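Q: File name upload38.cif; file contents mmCIF, C-alpha atoms; full text below.
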data_coords
loop_
_atom_site.label_atom_id
_atom_site.label_comp_id
_atom_site.auth_asym_id
_atom_site.auth_seq_id
_atom_site.Cartn_x
_atom_site.Cartn_y
_atom_site.Cartn_z
CA MET A 16 0.00 0.00 0.00
CA THR A 17 1.33 3.42 -0.95
CA ALA A 18 1.68 6.26 1.54
CA ASN A 19 -1.56 8.13 2.27
CA ALA A 20 -3.56 5.54 0.32
CA ILE A 21 -6.96 4.79 1.85
CA PRO A 22 -9.88 2.62 0.67
CA VAL A 23 -12.67 4.58 -1.02
CA LEU A 24 -16.26 4.58 0.21
CA VAL A 25 -18.76 4.71 -2.66
CA PRO A 26 -20.99 7.83 -2.57
CA LEU A 27 -24.38 8.03 -4.27
CA PRO A 28 -24.47 9.63 -7.75
CA LYS A 29 -25.16 13.37 -7.78
CA ASP A 30 -24.63 16.38 -10.02
CA ALA A 31 -21.61 18.59 -9.37
CA ASP A 32 -23.83 21.31 -7.86
CA ASN A 33 -24.81 18.88 -5.11
CA TRP A 34 -21.32 17.78 -4.14
CA THR A 35 -20.30 18.53 -0.57
CA GLN A 36 -17.25 18.05 1.60
CA GLU A 37 -18.47 14.48 2.12
CA GLU A 38 -17.58 13.62 -1.49
CA LEU A 39 -14.13 15.15 -1.07
CA VAL A 40 -13.58 13.04 2.04
CA ALA A 41 -14.85 9.91 0.26
CA TYR A 42 -12.44 10.42 -2.65
CA HIS A 43 -9.55 11.50 -0.40
CA VAL A 44 -9.33 15.03 -1.72
CA LYS A 45 -7.78 17.53 0.68
CA VAL A 46 -7.39 21.29 0.29
CA ARG A 47 -4.12 22.87 1.40
CA GLN A 48 -3.84 26.60 2.00
CA GLU A 49 -0.69 28.29 0.65
CA ASP A 50 0.74 31.78 0.89
CA PHE A 51 1.06 34.06 -2.12
CA SER A 52 4.63 33.31 -3.17
CA THR A 53 4.24 29.56 -2.74
CA PHE A 54 0.96 29.35 -4.63
CA PHE A 55 1.82 31.67 -7.52
CA GLU A 56 5.54 30.79 -7.57
CA LEU A 57 6.36 34.50 -7.61
CA PRO A 58 8.28 36.68 -5.15
CA GLU A 59 5.79 39.56 -5.24
CA LEU A 60 2.43 40.67 -6.57
CA PRO A 61 2.44 41.73 -10.25
CA ASP A 62 1.33 45.28 -10.99
CA PRO A 63 -2.08 45.05 -12.72
CA SER A 64 -1.69 48.57 -14.15
CA HIS A 65 0.50 47.05 -16.86
CA THR A 66 -2.62 45.28 -18.14
CA VAL A 67 -5.68 47.37 -17.23
CA LYS A 68 -6.59 51.03 -17.63
CA PRO A 69 -5.37 53.13 -14.68
CA SER A 70 -8.91 54.49 -14.23
CA ILE A 71 -10.20 51.01 -13.37
CA LEU A 72 -7.77 50.89 -10.46
CA THR A 73 -8.40 54.43 -9.22
CA THR A 74 -12.11 55.15 -9.79
CA VAL A 75 -14.20 54.33 -6.73
CA ASN A 76 -17.60 53.77 -8.37
CA SER A 77 -19.39 53.86 -11.70
CA ALA A 78 -20.73 57.36 -11.07
CA GLY A 79 -17.18 58.66 -11.35
CA ALA A 80 -16.26 56.73 -14.52
CA SER A 81 -14.95 58.88 -17.37
CA ASP A 82 -14.97 56.27 -20.17
CA PRO A 83 -17.24 53.37 -21.24
CA ASP A 84 -14.81 50.55 -20.33
CA THR A 85 -14.33 51.82 -16.78
CA PHE A 86 -18.08 52.37 -16.38
CA GLN A 87 -18.89 48.85 -17.60
CA PHE A 88 -16.33 47.28 -15.26
CA LEU A 89 -17.45 49.24 -12.21
CA ARG A 90 -21.17 48.82 -12.91
CA ASN A 91 -20.82 45.04 -13.18
CA MET A 92 -18.66 45.08 -10.06
CA GLU A 93 -21.37 46.95 -8.15
CA ARG A 94 -24.03 44.50 -9.32
CA ALA A 95 -21.91 41.57 -8.14
CA VAL A 96 -21.42 43.19 -4.72
CA ASP A 97 -25.05 44.24 -4.28
CA GLN A 98 -26.85 41.27 -5.87
CA GLY A 99 -24.32 38.44 -5.86
CA ALA A 100 -25.46 36.91 -2.57
CA LEU A 101 -28.86 36.10 -4.09
CA GLU A 102 -28.11 36.25 -7.82
CA PRO A 103 -25.01 34.24 -8.85
CA SER A 104 -25.49 35.29 -12.48
CA ALA A 105 -24.47 38.84 -11.48
CA VAL A 106 -21.20 37.39 -10.17
CA ALA A 107 -20.68 35.42 -13.37
CA ASP A 108 -21.36 38.54 -15.44
CA PHE A 109 -18.74 40.42 -13.48
CA ALA A 110 -16.29 37.53 -13.74
CA VAL A 111 -16.47 37.70 -17.53
CA THR A 112 -15.93 41.47 -17.45
CA LEU A 113 -13.01 41.04 -15.04
CA LEU A 114 -11.32 38.34 -17.13
CA GLU A 115 -11.80 40.38 -20.31
CA THR A 116 -10.32 43.42 -18.55
CA MET A 117 -7.35 41.29 -17.46
CA LYS A 118 -7.00 40.14 -21.11
CA TYR A 119 -7.49 36.45 -20.43
CA ASP A 120 -9.36 36.16 -23.74
CA GLN A 121 -6.41 36.96 -25.98
CA MET A 122 -5.94 34.71 -29.03
CA PRO A 123 -6.27 31.77 -29.19
CA TYR A 124 -8.32 31.66 -25.97
CA ALA A 125 -12.02 32.39 -25.56
CA LEU A 126 -14.27 32.92 -22.55
CA CYS A 127 -17.38 30.78 -22.35
CA ARG A 128 -20.46 31.17 -20.14
CA TRP A 129 -22.55 28.28 -18.81
CA LYS A 130 -20.44 25.37 -20.06
CA ASN A 131 -22.44 22.16 -19.58
CA LEU A 132 -20.46 18.95 -19.09
CA GLN A 133 -21.25 15.40 -18.06
CA PHE A 134 -19.33 12.86 -16.03
CA ILE A 135 -20.04 9.48 -14.51
CA MET A 136 -20.41 9.02 -10.77
CA SER A 137 -20.95 5.59 -9.25
CA GLY A 138 -22.15 4.23 -12.59
CA GLU A 139 -24.62 7.00 -13.49
CA VAL A 140 -24.31 10.00 -15.82
CA VAL A 141 -24.44 13.29 -13.90
CA LYS A 142 -23.98 16.96 -14.82
CA ALA A 143 -21.45 19.68 -14.15
CA GLU A 144 -22.35 23.26 -15.06
CA ILE A 145 -19.44 25.71 -15.15
CA ASP A 146 -20.39 29.39 -14.81
CA VAL A 147 -17.36 30.73 -16.70
CA CYS A 148 -14.48 28.91 -18.33
CA LEU A 149 -11.51 29.79 -20.50
CA LEU A 150 -10.92 27.44 -23.41
CA ASP A 151 -9.02 27.21 -26.63
CA PRO A 152 -11.32 26.78 -29.62
CA GLY A 153 -9.24 24.06 -31.27
CA PRO A 154 -10.57 20.55 -31.97
CA ALA A 155 -9.87 19.40 -28.39
CA GLU A 156 -11.41 22.60 -26.90
CA ASN A 157 -9.30 22.26 -23.76
CA ILE A 158 -10.59 24.05 -20.67
CA HIS A 159 -7.87 26.18 -19.10
CA LEU A 160 -9.82 27.88 -16.29
CA ILE A 161 -12.90 26.92 -14.30
CA LEU A 162 -14.76 29.65 -12.43
CA LEU A 163 -17.82 29.17 -10.23
CA ALA A 164 -19.93 31.74 -8.42
CA LEU A 165 -20.87 30.81 -4.88
CA ARG A 166 -24.57 29.90 -4.61
CA PRO A 167 -26.80 31.34 -1.85
CA ASP A 168 -27.09 27.93 -0.14
CA GLN A 169 -23.37 27.05 -0.33
CA ASP A 170 -20.77 27.41 2.39
CA ASP A 171 -18.01 27.04 -0.20
CA ALA A 172 -17.61 26.03 -3.84
CA GLU A 173 -14.66 23.68 -3.38
CA PRO A 174 -16.56 20.39 -3.89
CA GLN A 175 -18.23 21.76 -7.02
CA LEU A 176 -14.89 22.95 -8.39
CA VAL A 177 -13.38 19.48 -7.92
CA ALA A 178 -16.37 17.80 -9.57
CA SER A 179 -16.21 20.28 -12.47
CA ALA A 180 -12.49 19.58 -12.92
CA ILE A 181 -13.25 15.85 -13.02
CA ALA A 182 -15.87 16.49 -15.72
CA ALA A 183 -13.47 18.68 -17.71
CA PHE A 184 -10.70 16.07 -17.50
CA ARG A 185 -13.05 13.30 -18.63
CA ARG A 186 -14.29 15.36 -21.58
CA THR A 187 -10.73 16.22 -22.64
CA ASN A 188 -9.75 12.56 -22.75
CA ILE A 189 -12.89 11.57 -24.67
CA VAL A 190 -12.14 14.21 -27.32
CA ARG A 191 -8.45 13.29 -27.43
CA LYS A 192 -9.36 9.64 -28.04
CA GLU A 193 -11.73 10.67 -30.88
CA LEU A 194 -8.90 12.73 -32.43
CA GLY A 195 -6.46 9.83 -32.20
CA LEU A 196 -4.39 11.53 -29.49
CA PRO A 197 -3.07 9.77 -26.38
CA ARG A 198 -5.24 10.26 -23.30
CA LEU A 199 -3.84 12.33 -20.46
CA GLU A 200 -2.85 10.52 -17.28
CA GLU A 201 -3.17 13.67 -15.18
CA ARG A 202 -3.76 17.39 -15.45
CA THR A 203 -3.99 20.31 -13.03
CA PHE A 204 -6.91 22.71 -13.54
CA ALA A 205 -6.65 26.38 -12.64
CA SER A 206 -9.89 27.24 -10.85
CA VAL A 207 -11.53 30.18 -9.08
CA SER A 208 -14.53 30.51 -6.80
CA MET A 209 -16.09 33.94 -6.35
CA GLU A 210 -18.32 35.17 -3.56
CA GLY A 211 -19.53 38.54 -4.77
CA THR A 212 -16.30 40.02 -6.12
CA GLN A 213 -14.04 38.18 -3.67
CA PRO A 214 -12.02 35.43 -5.41
CA MET A 215 -10.28 32.33 -4.10
CA PHE A 216 -7.75 30.58 -6.33
CA TYR A 217 -7.19 26.84 -6.69
CA LYS A 218 -4.94 24.40 -8.50
CA ILE A 219 -6.81 21.10 -8.77
CA PRO A 220 -4.89 17.99 -9.91
CA ILE A 221 -7.01 15.31 -11.59
CA THR A 222 -5.79 11.85 -12.59
CA ARG A 223 -7.31 9.09 -14.72
CA ARG A 224 -7.29 6.89 -11.64
CA LEU A 225 -9.39 9.41 -9.67
CA VAL A 226 -11.86 9.68 -12.57
CA LYS A 227 -12.19 5.88 -12.73
CA VAL A 228 -12.81 5.68 -8.99
CA VAL A 229 -15.52 8.35 -9.20
CA GLU A 230 -17.07 6.50 -12.13
CA GLY A 231 -17.17 3.29 -10.10
CA ARG A 232 -15.04 1.30 -12.52
CA ASP A 233 -11.68 1.35 -10.78
CA ASP A 234 -9.22 -1.33 -11.85
CA GLY A 235 -8.59 -2.28 -8.23
CA LYS A 236 -4.83 -1.67 -8.30
CA GLY A 237 -4.63 -0.69 -4.66
CA PRO A 238 -6.29 2.10 -2.69
CA LEU A 239 -6.62 5.60 -4.07
CA ALA A 240 -3.84 8.01 -3.14
CA GLU A 241 -4.68 11.37 -1.62
CA THR A 242 -5.32 14.29 -3.98
CA VAL A 243 -4.03 17.63 -2.67
CA VAL A 244 -5.76 20.76 -3.98
CA LYS A 245 -3.76 23.95 -3.48
CA ARG A 246 -5.67 27.09 -2.47
CA TYR A 247 -4.82 30.75 -2.08
CA VAL A 248 -7.18 33.17 -0.33
CA PRO A 249 -6.14 36.72 -1.32
CA GLU A 250 -5.31 39.39 1.19
CA MET A 251 -7.97 42.02 1.89
CA PRO A 252 -6.21 45.34 2.64
CA ASP A 253 -9.54 47.18 2.80
CA GLY A 254 -11.43 44.41 4.59
CA VAL A 255 -13.93 41.86 3.34
CA GLY A 256 -16.94 44.19 3.63
CA ASP A 257 -15.62 46.47 0.89
CA GLU A 258 -14.98 43.60 -1.53
CA MET A 259 -13.58 45.00 -4.78
CA ARG A 260 -15.09 48.41 -4.13
CA GLY A 261 -12.07 48.98 -1.91
CA LEU A 262 -9.26 50.27 -4.11
CA GLU A 263 -6.54 48.37 -2.27
CA ASN A 264 -8.56 45.15 -2.41
CA ARG A 265 -9.12 45.76 -6.12
CA ARG A 266 -5.44 46.27 -6.87
CA TRP A 267 -4.40 43.20 -4.87
CA TRP A 268 -7.04 40.88 -6.28
CA MET A 269 -6.46 42.02 -9.85
CA GLY A 270 -2.74 41.49 -9.29
CA CYS A 271 -3.60 37.93 -8.27
CA PHE A 272 -5.54 37.40 -11.50
CA GLU A 273 -2.51 38.73 -13.38
CA ALA A 274 -0.29 36.19 -11.60
CA PHE A 275 -2.79 33.37 -12.20
CA LYS A 276 -2.44 33.71 -15.97
CA ASN A 277 0.74 31.65 -15.70
CA PHE A 278 -1.38 28.63 -14.82
CA CYS A 279 -4.22 29.27 -17.31
CA VAL A 280 -2.78 30.30 -20.66
#
Could you take the file, read its structure, and then write that structure out as structure tokens?

A:
Amino acid sequence: MTANAIPVLVPLPKDADNWTQEELVAYHVKVRQEDFSTFFELPELPDPSHTVKPSILTTVNSAGASDPDTFQFLRNMERAVDQGALEPSAVADFAVTLLETMKYDQMPYALCRWKNLQFIMSGEVVKAEIDVCLLDPGPAENIHLILLALRPDQDDAEPQLVASAIAAFRRTNIVRKELGLPRLEERTFASVSMEGTQPMFYKIPITRRLVKVVEGRDDGKGPLAETVVKRYVPEMPDGVGDEMRGLENRRWWMGCFEAFKNFCV
């Protein structure tokens, strides 16, 4: 038996939206918090002003915007802050605006809303719905970023992110097989959960073995090894209550998105 390998209990099939910490425990998935430099593999925060308009970093609210791009960003930000707790679509709308502002959608990548995927859990086909993803539009249509908005009834989005990464990995290997390409043995998915405008960043490693165990068709070659998901919770210089309305929060969090590009594109 390998180190940290534990027998798997078989959960009941459920869509990704219904995954909880119980599924992560059952599949031996653990989340490990890291500091900025460890997670991003950088000594310091990148300056987002190299990417975005200075007015986006210095204008407090949409009423003070002096150009359409700044107004659009700040108005969607305000909607996410004010309505996000009850309306996740407002958060997803802002996430798209944010990623476009940070230039995540440069060629050949494209942002996609409401990506619907399927995976198999304990022998049954179930669904995974991704609020926003970054993909390349080639034949394999690889997903490079998974972003979920926190739902009103959720304590956290971590189980749903893991389930979505499993679905994305499975789909990638199905397409690769159809294209005559070798299937991937493992892949790490860059992922983000957003509560209002507050992001949390994840690196989620998925293996073919983990997918087979979730599907309920494991080959039985010993217990499943532990999967360690790395997480970074950004600093909040202005405090959580201000979210991205706070200019220092905004600069720090957008700097984090700038750093996260290294793992997405």

Q: Mind giving me the straight-line distance from atom CA of A:Lys130 to atom CA of A:Asp233 in Å, one decimal?

A: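 If I compute the distance from atom CA of A:Lys130 to atom CA of A:Asp233, I get 27.2 Å.
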
Q: Taking the file as shown, what set of residues would the PyMOL selection byres ((chain A and resi 149) around 8) give back, as a list in words?

A: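 When the PyMOL selection byres ((chain A and resi 149) around 8) is applied, the selected residues are Tyr119, Asp120, Tyr124, Ala125, Leu126, Cys127, Val147, Cys148, Leu150, Asp151, Ile158, His159, Leu160, Ile161 and Cys279 of chain A.
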
Q: Apply the PyMOL selection byres ((chain A and resi 204-220) around 9) to the structure shown and report the selected residues as a count of residues only.

A: 59

Q: What lies within 8 Å of A:Leu132 using all atoms listed in the file, ignoring chain neighbours under 2 positions off, as a list in words?

A: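 Residues near the query, excluding close chain neighbours: Lys130, Phe134, Lys142, Ala143, Glu144, Ile145, Ser179, Ala182, Ala183 and Arg186 of chain A.
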
Q: I'd like to know which of A:Gln169, A:Asn157, A:Asn131, A:Thr112 is closest to A:Phe86, using all atoms listed in the file.

A: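 Once distances to A:Phe86 are computed over all atoms listed in the file, the minimum belongs to A:Thr112.
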
Q: For the file shown, report as number ranges by chain the outcome of the PyMOL selection byres ((chain A and resi 223-227) around 8) at residue level.

A: A: 42, 181, 185, 199-201, 221-222, 228-234, 239

Q: Of the residues A:Asp62, A:Asp30, A:Glu193, A:Glu263, which is the one nearest to A:Gln133, using only C-alpha atoms?

A: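 Smallest separation from A:Gln133 among the options: A:Asp30.
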
Q: Select, from A:Pro174, A:Pro197, A:Gly261, A:Gly254, the residue with the minimum atom-to-atom distance to A:Asn33, counting all atoms listed in the file.

A: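 The answer is A:Pro174, which sits nearest to A:Asn33.
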
Q: Suppose you want the space between atom CA of A:Pro123 and atom CA of A:His65; what is it in Å?

A: 20.8 Å

Q: What separation in Å, quoted to one decimal, exists between atom CA of A:Leu27 and atom CA of A:Val140?

A: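 Going from atom CA of A:Leu27 over to atom CA of A:Val140, I get 11.7 Å.
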
Q: Tell me, as a PyMOL selection string, which residues lie within 7 Å of A:Pro28, counting only C-alpha atoms; anything in the same chain fewer than 6 positions away does not count.

A: chain A and resi 136-137+139

Q: Output C-alpha atoms for every residue in that selection, as a PDB file, in the frame of the given file.

A:
ATOM      1  CA  MET A 136     -20.410   9.020 -10.770  1.00  0.00           C
ATOM      2  CA  SER A 137     -20.950   5.590  -9.250  1.00  0.00           C
ATOM      3  CA  GLU A 139     -24.620   7.000 -13.490  1.00  0.00           C
TER       4      GLU A 139
END

Q: So which one's closest to A:Pro26, A:Asp146, A:Gln175, A:Val40, A:Leu196? Using only C-alpha atoms, please.

A: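 Among the listed residues, A:Val40 lies closest to A:Pro26.
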
Q: Skip A:Val67 itself and residues of its chain fewer than 4 positions away, then list as a VMD selection string all residues within 12 Å of it, counting all atoms listed in the file.

A: chain A and resid 62 to 63 71 to 73 84 to 85 88 112 to 119 265 to 266 269 to 270 272 to 273

Q: With 4 Å of padding per side, what axis-aligned box (centre and edge lengths, Å, one decimal) covers all the listed atoms of stretch 114-132 of chain A? Give it as AutoDock Vina command-line options.

A:
--center_x -14.2 --center_y 31.2 --center_z -23.2 --size_x 24.6 --size_y 32.5 --size_z 20.1
